[in-house]
file final-v8.cif (mmCIF, N, CA, C and O atoms)
data_structure
loop_
_atom_site.label_atom_id
_atom_site.label_comp_id
_atom_site.auth_asym_id
_atom_site.auth_seq_id
_atom_site.Cartn_x
_atom_site.Cartn_y
_atom_site.Cartn_z
N MET I 261 0.87 13.81 -9.15
CA MET I 261 1.98 14.72 -9.29
C MET I 261 2.51 14.76 -10.72
O MET I 261 3.31 15.60 -11.05
N ALA I 262 2.06 13.84 -11.55
CA ALA I 262 2.55 13.79 -12.91
C ALA I 262 1.80 14.74 -13.84
O ALA I 262 2.27 15.04 -14.92
N GLY I 263 0.64 15.19 -13.43
CA GLY I 263 -0.12 16.12 -14.25
C GLY I 263 -1.21 15.46 -15.06
O GLY I 263 -1.27 14.24 -15.19
N PRO I 264 -2.08 16.29 -15.65
CA PRO I 264 -3.20 15.78 -16.42
C PRO I 264 -2.74 14.92 -17.61
O PRO I 264 -1.78 15.25 -18.29
N GLY I 265 -3.44 13.81 -17.81
CA GLY I 265 -3.17 12.95 -18.94
C GLY I 265 -2.01 11.99 -18.75
O GLY I 265 -1.78 11.14 -19.60
N ALA I 266 -1.29 12.10 -17.66
CA ALA I 266 -0.14 11.22 -17.42
C ALA I 266 -0.61 9.85 -16.94
O ALA I 266 -1.65 9.73 -16.30
N ASP I 267 0.18 8.85 -17.24
CA ASP I 267 -0.07 7.51 -16.72
C ASP I 267 0.22 7.55 -15.22
O ASP I 267 1.33 7.88 -14.83
N HIS I 268 -0.74 7.25 -14.40
CA HIS I 268 -0.57 7.40 -12.95
C HIS I 268 0.22 6.27 -12.31
O HIS I 268 0.40 6.26 -11.10
N HIS I 269 0.70 5.31 -13.08
CA HIS I 269 1.44 4.20 -12.50
C HIS I 269 2.74 3.89 -13.22
O HIS I 269 3.35 2.88 -12.97
N ASN I 270 3.16 4.74 -14.12
CA ASN I 270 4.39 4.49 -14.87
C ASN I 270 5.15 5.81 -14.97
O ASN I 270 4.86 6.63 -15.84
N HIS I 271 6.12 6.01 -14.07
CA HIS I 271 6.79 7.30 -13.98
C HIS I 271 8.29 7.18 -14.20
O HIS I 271 8.88 6.13 -14.00
N SER I 272 8.88 8.30 -14.51
CA SER I 272 10.34 8.36 -14.65
C SER I 272 10.98 8.22 -13.27
O SER I 272 10.33 8.41 -12.24
N ASP I 273 12.26 7.93 -13.27
CA ASP I 273 12.99 7.79 -12.01
C ASP I 273 12.96 9.08 -11.19
O ASP I 273 12.84 9.04 -9.97
N VAL I 274 13.07 10.20 -11.87
CA VAL I 274 13.05 11.50 -11.16
C VAL I 274 11.71 11.72 -10.49
O VAL I 274 11.64 12.08 -9.31
N LEU I 275 10.63 11.49 -11.22
CA LEU I 275 9.30 11.69 -10.63
C LEU I 275 9.08 10.72 -9.48
O LEU I 275 8.53 11.10 -8.44
N LEU I 276 9.50 9.47 -9.62
CA LEU I 276 9.36 8.51 -8.53
C LEU I 276 10.10 8.98 -7.28
O LEU I 276 9.59 8.86 -6.17
N LYS I 277 11.28 9.53 -7.45
CA LYS I 277 12.05 10.03 -6.32
C LYS I 277 11.31 11.18 -5.63
O LYS I 277 11.19 11.21 -4.40
N VAL I 278 10.78 12.09 -6.42
CA VAL I 278 10.01 13.21 -5.86
C VAL I 278 8.78 12.71 -5.12
O VAL I 278 8.50 13.12 -3.99
N VAL I 279 8.05 11.80 -5.74
CA VAL I 279 6.82 11.27 -5.13
C VAL I 279 7.13 10.52 -3.84
O VAL I 279 6.44 10.69 -2.83
N HIS I 280 8.17 9.68 -3.85
CA HIS I 280 8.52 8.93 -2.64
C HIS I 280 8.94 9.87 -1.52
O HIS I 280 8.53 9.68 -0.36
N ARG I 281 9.72 10.87 -1.83
CA ARG I 281 10.12 11.82 -0.78
C ARG I 281 8.92 12.59 -0.25
O ARG I 281 8.84 12.84 0.96
N ALA I 282 8.00 12.96 -1.11
CA ALA I 282 6.79 13.64 -0.66
C ALA I 282 5.96 12.71 0.23
O ALA I 282 5.43 13.14 1.27
N ARG I 283 5.84 11.45 -0.15
CA ARG I 283 5.10 10.48 0.65
C ARG I 283 5.71 10.34 2.04
O ARG I 283 5.02 10.41 3.05
N PHE I 284 7.03 10.13 2.09
CA PHE I 284 7.69 9.95 3.39
C PHE I 284 7.57 11.19 4.26
O PHE I 284 7.36 11.09 5.47
N ALA I 285 7.66 12.36 3.65
CA ALA I 285 7.49 13.61 4.41
C ALA I 285 6.07 13.71 4.95
O ALA I 285 5.86 14.11 6.11
N ALA I 286 5.09 13.34 4.15
CA ALA I 286 3.69 13.38 4.59
C ALA I 286 3.45 12.40 5.73
O ALA I 286 2.77 12.73 6.71
N ILE I 287 4.03 11.21 5.63
CA ILE I 287 3.88 10.22 6.70
C ILE I 287 4.53 10.71 7.98
O ILE I 287 3.94 10.61 9.06
N ARG I 288 5.75 11.25 7.87
CA ARG I 288 6.43 11.78 9.08
C ARG I 288 5.60 12.88 9.73
O ARG I 288 5.47 12.93 10.95
N GLU I 289 5.03 13.75 8.92
CA GLU I 289 4.19 14.82 9.48
C GLU I 289 2.94 14.23 10.12
O GLU I 289 2.56 14.62 11.23
N ALA I 290 2.30 13.28 9.46
CA ALA I 290 1.08 12.67 9.99
C ALA I 290 1.36 11.99 11.33
O ALA I 290 0.52 12.02 12.23
N GLU I 291 2.53 11.38 11.46
CA GLU I 291 2.90 10.72 12.72
C GLU I 291 2.89 11.69 13.89
O GLU I 291 2.68 11.27 15.04
N GLN I 292 3.10 12.96 13.63
CA GLN I 292 3.11 13.96 14.70
C GLN I 292 1.70 14.27 15.22
O GLN I 292 1.55 14.96 16.22
N HIS I 293 0.69 13.76 14.53
CA HIS I 293 -0.69 14.12 14.87
C HIS I 293 -1.55 12.91 15.24
O HIS I 293 -2.78 13.04 15.34
N VAL I 294 -0.93 11.75 15.47
CA VAL I 294 -1.73 10.54 15.72
C VAL I 294 -2.51 10.58 17.03
O VAL I 294 -3.47 9.83 17.18
N GLU I 295 -2.13 11.44 17.93
CA GLU I 295 -2.86 11.55 19.20
C GLU I 295 -4.20 12.27 19.04
O GLU I 295 -5.09 12.08 19.85
N THR I 296 -4.31 13.06 17.99
CA THR I 296 -5.52 13.86 17.81
C THR I 296 -6.27 13.60 16.51
O THR I 296 -7.38 14.09 16.33
N THR I 297 -5.64 12.85 15.61
CA THR I 297 -6.21 12.66 14.29
C THR I 297 -6.01 11.22 13.84
O THR I 297 -4.94 10.65 14.04
N ASP I 298 -7.03 10.64 13.22
CA ASP I 298 -6.87 9.31 12.62
C ASP I 298 -5.98 9.44 11.39
O ASP I 298 -6.20 10.30 10.54
N VAL I 299 -4.98 8.59 11.32
CA VAL I 299 -4.05 8.59 10.20
C VAL I 299 -4.11 7.22 9.54
O VAL I 299 -4.04 6.19 10.21
N TYR I 300 -4.26 7.22 8.23
CA TYR I 300 -4.31 5.97 7.47
C TYR I 300 -3.14 5.97 6.50
O TYR I 300 -2.96 6.92 5.74
N VAL I 301 -2.37 4.91 6.52
CA VAL I 301 -1.23 4.75 5.62
C VAL I 301 -1.40 3.43 4.89
O VAL I 301 -1.59 2.39 5.51
N ILE I 302 -1.35 3.48 3.59
CA ILE I 302 -1.39 2.26 2.79
C ILE I 302 0.05 1.85 2.52
O ILE I 302 0.82 2.62 1.97
N ASN I 303 0.40 0.65 2.96
CA ASN I 303 1.77 0.17 2.81
C ASN I 303 1.70 -1.30 2.42
O ASN I 303 1.40 -2.16 3.24
N THR I 304 1.98 -1.58 1.18
CA THR I 304 1.82 -2.93 0.65
C THR I 304 2.80 -3.92 1.25
O THR I 304 2.41 -5.02 1.64
N LEU I 305 4.06 -3.56 1.31
CA LEU I 305 5.10 -4.48 1.81
C LEU I 305 5.99 -3.76 2.82
O LEU I 305 7.16 -3.47 2.54
N PRO I 306 5.45 -3.46 4.01
CA PRO I 306 6.28 -2.75 4.99
C PRO I 306 7.45 -3.62 5.44
O PRO I 306 7.30 -4.82 5.66
N ASN I 307 8.63 -3.00 5.55
CA ASN I 307 9.79 -3.75 6.04
C ASN I 307 9.77 -3.81 7.56
O ASN I 307 8.91 -3.21 8.22
N ALA I 308 10.71 -4.54 8.13
CA ALA I 308 10.75 -4.73 9.59
C ALA I 308 10.89 -3.41 10.33
O ALA I 308 10.24 -3.19 11.35
N ARG I 309 11.70 -2.53 9.80
CA ARG I 309 11.90 -1.22 10.45
C ARG I 309 10.61 -0.41 10.48
O ARG I 309 10.27 0.22 11.49
N THR I 310 9.88 -0.45 9.39
CA THR I 310 8.60 0.25 9.33
C THR I 310 7.61 -0.35 10.31
O THR I 310 6.88 0.38 11.00
N MET I 311 7.58 -1.67 10.41
CA MET I 311 6.66 -2.32 11.35
C MET I 311 7.00 -1.94 12.80
O MET I 311 6.10 -1.76 13.62
N VAL I 312 8.29 -1.81 13.11
CA VAL I 312 8.70 -1.36 14.45
C VAL I 312 8.16 0.05 14.70
O VAL I 312 7.65 0.35 15.78
N GLN I 313 8.26 0.90 13.69
CA GLN I 313 7.74 2.27 13.81
C GLN I 313 6.22 2.26 14.03
O GLN I 313 5.71 2.98 14.89
N TYR I 314 5.51 1.44 13.28
CA TYR I 314 4.06 1.35 13.47
C TYR I 314 3.73 0.86 14.88
O TYR I 314 2.80 1.37 15.52
N LYS I 315 4.48 -0.11 15.36
CA LYS I 315 4.26 -0.62 16.72
C LYS I 315 4.51 0.48 17.75
O LYS I 315 3.74 0.65 18.69
N ARG I 316 5.57 1.25 17.56
CA ARG I 316 5.88 2.35 18.48
C ARG I 316 4.74 3.36 18.52
O ARG I 316 4.41 3.91 19.56
N LEU I 317 4.12 3.56 17.38
CA LEU I 317 3.01 4.51 17.30
C LEU I 317 1.68 3.90 17.73
O LEU I 317 0.64 4.55 17.68
N LYS I 318 1.71 2.61 18.13
CA LYS I 318 0.51 1.88 18.55
C LYS I 318 -0.52 1.83 17.42
O LYS I 318 -1.73 1.96 17.63
N ALA I 319 -0.01 1.63 16.21
CA ALA I 319 -0.88 1.56 15.03
C ALA I 319 -1.69 0.29 15.04
O ALA I 319 -1.26 -0.74 15.52
N ARG I 320 -2.87 0.39 14.53
CA ARG I 320 -3.70 -0.79 14.29
C ARG I 320 -3.51 -1.17 12.83
O ARG I 320 -3.79 -0.37 11.93
N ILE I 321 -3.02 -2.36 12.60
CA ILE I 321 -2.76 -2.83 11.25
C ILE I 321 -4.01 -3.52 10.71
O ILE I 321 -4.53 -4.44 11.33
N VAL I 322 -4.49 -3.05 9.58
CA VAL I 322 -5.67 -3.63 8.94
C VAL I 322 -5.24 -4.13 7.56
O VAL I 322 -4.73 -3.36 6.76
N THR I 323 -5.44 -5.40 7.33
CA THR I 323 -5.11 -5.97 6.03
C THR I 323 -6.35 -5.95 5.16
O THR I 323 -7.39 -6.49 5.54
N VAL I 324 -6.24 -5.31 4.03
CA VAL I 324 -7.34 -5.25 3.08
C VAL I 324 -6.96 -6.17 1.92
O VAL I 324 -6.06 -5.88 1.15
N ASP I 325 -7.64 -7.30 1.85
CA ASP I 325 -7.31 -8.29 0.83
C ASP I 325 -8.59 -8.82 0.21
O ASP I 325 -9.24 -9.69 0.78
N PRO I 326 -8.94 -8.33 -0.96
CA PRO I 326 -10.14 -8.85 -1.61
C PRO I 326 -9.93 -10.21 -2.25
O PRO I 326 -10.86 -10.78 -2.79
N GLY I 327 -8.71 -10.72 -2.20
CA GLY I 327 -8.40 -12.04 -2.76
C GLY I 327 -7.49 -11.93 -3.96
O GLY I 327 -7.52 -10.95 -4.71
N ARG I 328 -6.65 -12.95 -4.11
CA ARG I 328 -5.63 -12.94 -5.16
C ARG I 328 -6.23 -12.76 -6.55
O ARG I 328 -5.72 -11.98 -7.36
N ASP I 329 -7.31 -13.47 -6.85
CA ASP I 329 -7.90 -13.39 -8.18
C ASP I 329 -8.36 -11.97 -8.51
O ASP I 329 -8.13 -11.46 -9.61
N ILE I 330 -9.01 -11.32 -7.56
CA ILE I 330 -9.48 -9.95 -7.77
C ILE I 330 -8.30 -9.00 -7.91
O ILE I 330 -8.29 -8.13 -8.80
N VAL I 331 -7.29 -9.15 -7.07
CA VAL I 331 -6.12 -8.28 -7.14
C VAL I 331 -5.44 -8.41 -8.51
O VAL I 331 -5.10 -7.41 -9.15
N MET I 332 -5.23 -9.64 -8.94
CA MET I 332 -4.57 -9.85 -10.23
C MET I 332 -5.39 -9.29 -11.39
O MET I 332 -4.85 -8.73 -12.35
N GLN I 333 -6.71 -9.40 -11.29
CA GLN I 333 -7.56 -8.83 -12.35
C GLN I 333 -7.48 -7.31 -12.33
O GLN I 333 -7.43 -6.67 -13.39
N ARG I 334 -7.45 -6.70 -11.15
CA ARG I 334 -7.32 -5.24 -11.07
C ARG I 334 -5.99 -4.79 -11.68
O ARG I 334 -5.93 -3.76 -12.37
N ILE I 335 -4.92 -5.53 -11.41
CA ILE I 335 -3.63 -5.19 -12.01
C ILE I 335 -3.72 -5.28 -13.53
O ILE I 335 -3.27 -4.39 -14.24
N GLU I 336 -4.32 -6.36 -14.00
CA GLU I 336 -4.49 -6.56 -15.44
C GLU I 336 -5.25 -5.39 -16.07
O GLU I 336 -4.88 -4.89 -17.14
N ASP I 337 -6.28 -4.93 -15.39
CA ASP I 337 -7.15 -3.89 -15.93
C ASP I 337 -6.62 -2.47 -15.75
O ASP I 337 -6.88 -1.60 -16.58
N MET I 338 -5.86 -2.22 -14.67
CA MET I 338 -5.57 -0.83 -14.32
C MET I 338 -4.12 -0.49 -14.01
O MET I 338 -3.81 0.69 -13.83
N ARG I 339 -3.25 -1.47 -13.89
CA ARG I 339 -1.90 -1.16 -13.43
C ARG I 339 -0.85 -1.66 -14.42
O ARG I 339 -1.17 -2.35 -15.38
N GLN I 340 0.39 -1.34 -14.11
CA GLN I 340 1.51 -1.81 -14.93
C GLN I 340 1.74 -3.30 -14.66
O GLN I 340 1.57 -3.76 -13.53
N PRO I 341 2.14 -4.05 -15.67
CA PRO I 341 2.33 -5.50 -15.51
C PRO I 341 3.30 -5.87 -14.38
O PRO I 341 3.14 -6.91 -13.75
N GLY I 342 4.29 -5.03 -14.11
CA GLY I 342 5.24 -5.31 -13.04
C GLY I 342 4.60 -5.44 -11.66
O GLY I 342 5.19 -6.02 -10.75
N MET I 343 3.42 -4.90 -11.51
CA MET I 343 2.73 -4.98 -10.22
C MET I 343 2.31 -6.41 -9.89
O MET I 343 2.08 -6.73 -8.73
N LYS I 344 2.22 -7.27 -10.88
CA LYS I 344 1.89 -8.67 -10.62
C LYS I 344 2.96 -9.32 -9.74
O LYS I 344 2.65 -10.12 -8.86
N ALA I 345 4.22 -8.95 -9.96
CA ALA I 345 5.31 -9.50 -9.13
C ALA I 345 5.18 -9.00 -7.69
O ALA I 345 5.43 -9.76 -6.75
N VAL I 346 4.77 -7.76 -7.52
CA VAL I 346 4.57 -7.22 -6.17
C VAL I 346 3.43 -7.96 -5.47
O VAL I 346 3.56 -8.36 -4.31
N ALA I 347 2.33 -8.17 -6.17
CA ALA I 347 1.20 -8.89 -5.59
C ALA I 347 1.57 -10.33 -5.26
O ALA I 347 1.22 -10.84 -4.19
N THR I 348 2.31 -10.97 -6.15
CA THR I 348 2.75 -12.35 -5.89
C THR I 348 3.62 -12.40 -4.65
O THR I 348 3.46 -13.30 -3.80
N LYS I 349 4.53 -11.45 -4.51
CA LYS I 349 5.39 -11.39 -3.33
C LYS I 349 4.56 -11.21 -2.06
O LYS I 349 4.79 -11.87 -1.05
N TRP I 350 3.55 -10.35 -2.13
CA TRP I 350 2.69 -10.12 -0.97
C TRP I 350 1.95 -11.40 -0.59
O TRP I 350 1.90 -11.78 0.58
N TYR I 351 1.37 -12.07 -1.56
CA TYR I 351 0.62 -13.29 -1.26
C TYR I 351 1.53 -14.40 -0.73
O TYR I 351 1.12 -15.16 0.15
N ARG I 352 2.74 -14.48 -1.23
CA ARG I 352 3.67 -15.47 -0.68
C ARG I 352 4.02 -15.13 0.78
O ARG I 352 4.08 -16.02 1.62
N ALA I 353 4.26 -13.87 1.06
CA ALA I 353 4.62 -13.45 2.42
C ALA I 353 3.46 -13.63 3.39
O ALA I 353 3.66 -13.80 4.60
N ASN I 354 2.24 -13.59 2.90
CA ASN I 354 1.06 -13.67 3.75
C ASN I 354 0.32 -14.99 3.61
O ASN I 354 -0.83 -15.10 4.07
N ARG I 355 0.95 -15.98 3.02
CA ARG I 355 0.33 -17.30 2.84
C ARG I 355 -0.07 -17.86 4.20
O ARG I 355 0.69 -17.82 5.16
N GLY I 356 -1.27 -18.35 4.29
CA GLY I 356 -1.73 -18.99 5.52
C GLY I 356 -2.32 -18.04 6.54
O GLY I 356 -2.90 -18.47 7.52
N ARG I 357 -2.22 -16.74 6.31
CA ARG I 357 -2.82 -15.78 7.25
C ARG I 357 -4.29 -15.61 6.93
O ARG I 357 -4.73 -15.73 5.79
N SER I 358 -5.04 -15.31 7.95
CA SER I 358 -6.48 -15.13 7.79
C SER I 358 -6.79 -13.92 6.93
O SER I 358 -6.14 -12.89 7.02
N ARG I 359 -7.81 -14.04 6.09
CA ARG I 359 -8.29 -12.92 5.30
C ARG I 359 -9.52 -12.30 5.94
O ARG I 359 -10.29 -11.63 5.28
N SER I 360 -9.70 -12.49 7.22
CA SER I 360 -10.93 -12.05 7.88
C SER I 360 -11.10 -10.54 7.93
O SER I 360 -12.19 -10.06 8.14
N ALA I 361 -10.02 -9.79 7.71
CA ALA I 361 -10.14 -8.32 7.79
C ALA I 361 -11.10 -7.79 6.74
O ALA I 361 -11.92 -6.92 7.01
N MET I 362 -11.00 -8.31 5.52
CA MET I 362 -11.88 -7.84 4.46
C MET I 362 -11.87 -8.83 3.31
O MET I 362 -11.24 -8.59 2.28
N PRO I 363 -12.52 -9.95 3.46
CA PRO I 363 -12.44 -10.98 2.42
C PRO I 363 -13.29 -10.67 1.19
O PRO I 363 -13.09 -11.27 0.16
N GLN I 364 -14.19 -9.75 1.28
CA GLN I 364 -15.08 -9.49 0.16
C GLN I 364 -14.50 -8.42 -0.75
O GLN I 364 -13.68 -7.62 -0.34
N ALA I 365 -14.95 -8.39 -1.98
CA ALA I 365 -14.55 -7.33 -2.91
C ALA I 365 -15.20 -6.03 -2.44
O ALA I 365 -16.33 -6.02 -1.95
N SER I 366 -14.49 -4.93 -2.63
CA SER I 366 -15.04 -3.64 -2.22
C SER I 366 -16.12 -3.17 -3.18
O SER I 366 -17.01 -2.42 -2.81
N ARG I 367 -16.00 -3.58 -4.45
CA ARG I 367 -16.99 -3.22 -5.46
C ARG I 367 -16.67 -3.99 -6.73
O ARG I 367 -15.65 -4.62 -6.85
N GLU I 368 -17.56 -3.89 -7.68
CA GLU I 368 -17.32 -4.50 -8.99
C GLU I 368 -16.36 -3.61 -9.76
O GLU I 368 -16.61 -2.42 -9.92
N TRP I 369 -15.27 -4.14 -10.20
CA TRP I 369 -14.29 -3.36 -10.95
C TRP I 369 -14.46 -3.66 -12.40
O TRP I 369 -13.95 -3.21 -13.28
#
call {"tool": "encode", "arguments": {"input": "final-v8.cif", "output": "structure tokens"}}
result
Amino acid sequence: MAGPGADHHNHSDVLLKVVHRARFAAIREAEQHVETTDVYVINTLPNARTMVQYKRLKARIVTVDPGRDIVMQRIEDMRQPGMKAVATKWYRANRGRSRSAMPQASREW
């Protein structure tokens, strides 16, 4: 939504607001079609309210975790440095949980 040549991970507050509202509207619309269409939502740190909504929709939660080292390297290579704090928070919240959903790297980055 930022246009050609824009940094895809570092936006102004106004653009972030627009993007978040568009995302939430898209998710709400997609929820209306879960009986007939597969819907995939990427949600790094869903809150309790969101998890209740997913449960109500009978969502299947799939954790995609290629491992902390790979995630941190991807952030280093492709994302804003602040994303390291988000990844650290995720790994702390998920400490001790099985990585059996997808323990391997998806590809060489």
call {"tool": "atom_distance", "arguments": {"input": "final-v8.cif", "atom1": "atom CA of I:Arg283", "atom2": "atom CA of I:Arg355"}}
result
28.3 Å
call {"tool": "atom_distance", "arguments": {"input": "final-v8.cif", "atom1": "atom N of I:Glu295", "atom2": "atom N of I:Thr310"}}
result
18.9 Å
call {"tool": "atom_distance", "arguments": {"input": "final-v8.cif", "atom1": "atom CA of I:Ile330", "atom2": "atom N of I:Asn270"}}
result
20.4 Å
